Amino acid sequence: MKILMVCLGNICRSPLAEGILKAKVSSDIYVDSAGTAGYHVGELPDKRSVMVAQKYGIDITDQRSRKFSVADFDHFDRIYAMDESNYQTIVSLARNKEEADKVTMILQELFPKEKLSVPDPYYGGDQGFENVYNMLDEACEIIASKINTNER
Ligand code: 4NP
């Protein structure tokens, strides 16, 4: 099983989602992250994401930002978008329905009937990163428990 977390810059939200999910699943589950934009390619996660992860015992400083690529559809079984804009961008790159069906918004794990976005914390303060961490922790808990019991 290979899972990709995607946001815009791959420095704030999806690096947290990657680190949180990795901490909840066994190492035979491959978890990675990417951004739909290339503004920060090669950079470490945002310091505020590094700090909030560290606060909860997760080290994300091995990560470097990369841009989402169409080839990711070949390598990943599931692609979780952080917000509706990322979702639309990724789906627009899918070459067929099977690829498009790999993509969901991550908060649909928590609220299946709604299309809630993980808010972009980039221009806000530390509390935004704390909120994002908590949302992603809840969503990843559900993803991990389904993986561990072989449910979709
Ligand atoms: P992310 O946050 O998509 O959660 O990594 C952002 C990071 C950078 C920018 C926007 C959002 N930016 O415009 O540079």
# chains A, B, ... in the order shown; residues from 1 in each chain; ligands from 1
>>> residues_near_ligand(ligand="ligand 1", cutoff="7 Å", atoms="only C-alpha atoms and all ligand atoms", output="mmCIF file with C-alpha atoms, in the first residue's frame")
data_model
loop_
_atom_site.group_PDB
_atom_site.id
_atom_site.type_symbol
_atom_site.label_atom_id
_atom_site.label_comp_id
_atom_site.auth_asym_id
_atom_site.auth_seq_id
_atom_site.Cartn_x
_atom_site.Cartn_y
_atom_site.Cartn_z
ATOM 1 C CA CYS A 7 -1.160 20.214 -0.448
ATOM 2 C CA LEU A 8 -0.093 23.360 -2.319
ATOM 3 C CA GLY A 9 3.501 24.018 -1.236
ATOM 4 C CA ASN A 10 4.389 20.667 0.424
ATOM 5 C CA ILE A 11 5.903 22.567 3.346
ATOM 6 C CA CYS A 12 3.037 23.019 5.855
ATOM 7 C CA ARG A 13 0.086 20.611 5.699
ATOM 8 C CA SER A 14 1.089 17.537 3.685
ATOM 9 C CA GLY A 35 2.704 19.851 -3.514
ATOM 10 C CA TYR A 39 7.417 27.218 -5.143
ATOM 11 C CA HIS A 40 9.312 25.447 -2.366
ATOM 12 C CA ASP A 120 -3.856 26.712 4.681
ATOM 13 C CA PRO A 121 -1.901 27.872 7.772
ATOM 14 C CA TYR A 122 0.973 29.499 5.835
#
>>> residues_around(residues="A:Ser33", least_positions_apart="4", cutoff="7 Å", atoms="only C-alpha atoms", output="number ranges by chain")
A: 4-6, 10, 14-15, 18
>>> atom_distance(atom1="atom CA of A:Ile20", atom2="atom CA of A:Ile90")
21.9 Å
>>> closest_residue(among="A:Arg95, A:Ala34, A:Ala17, A:Val70", to="A:Val50", atoms="only C-alpha atoms")
A:Ala17
>>> residues_around(residues="A:Phe76", least_positions_apart="4", cutoff="12 Å", atoms="only C-alpha atoms", output="VMD selection string")
chain A and resid 1 to 6 29 to 34 68 to 72 80 98 to 103
>>> residues_around(residues="A:Glu109", least_positions_apart="3", cutoff="6 Å", atoms="only C-alpha atoms", output="JSON list (two decimals) with all heavy atoms, in the first residue's frame")
[["chain", "number", "residue", "atom", "x", "y", "z"],
["A", 106, "ILE", "N", -8.81, 14.69, 2.37],
["A", 106, "ILE", "CA", -8.49, 13.92, 3.58],
["A", 106, "ILE", "C", -9.54, 14.07, 4.67],
["A", 106, "ILE", "O", -9.81, 13.11, 5.40],
["A", 106, "ILE", "CB", -7.07, 14.26, 4.10],
["A", 106, "ILE", "CG1", -6.62, 13.22, 5.13],
["A", 106, "ILE", "CG2", -6.97, 15.70, 4.62],
["A", 106, "ILE", "CD1", -5.14, 13.25, 5.45],
["A", 112, "PRO", "N", -17.61, 12.32, 5.99],
["A", 112, "PRO", "CA", -17.73, 11.78, 4.62],
["A", 112, "PRO", "C", -18.68, 12.57, 3.73],
["A", 112, "PRO", "O", -18.52, 12.59, 2.51],
["A", 112, "PRO", "CB", -18.24, 10.36, 4.82],
["A", 112, "PRO", "CG", -17.88, 10.02, 6.22],
["A", 112, "PRO", "CD", -17.91, 11.30, 7.01],
["A", 139, "ALA", "N", -7.88, 12.55, 11.27],
["A", 139, "ALA", "CA", -8.11, 11.91, 9.96],
["A", 139, "ALA", "C", -7.16, 10.72, 9.78],
["A", 139, "ALA", "O", -7.57, 9.65, 9.30],
["A", 139, "ALA", "CB", -7.92, 12.93, 8.85]]
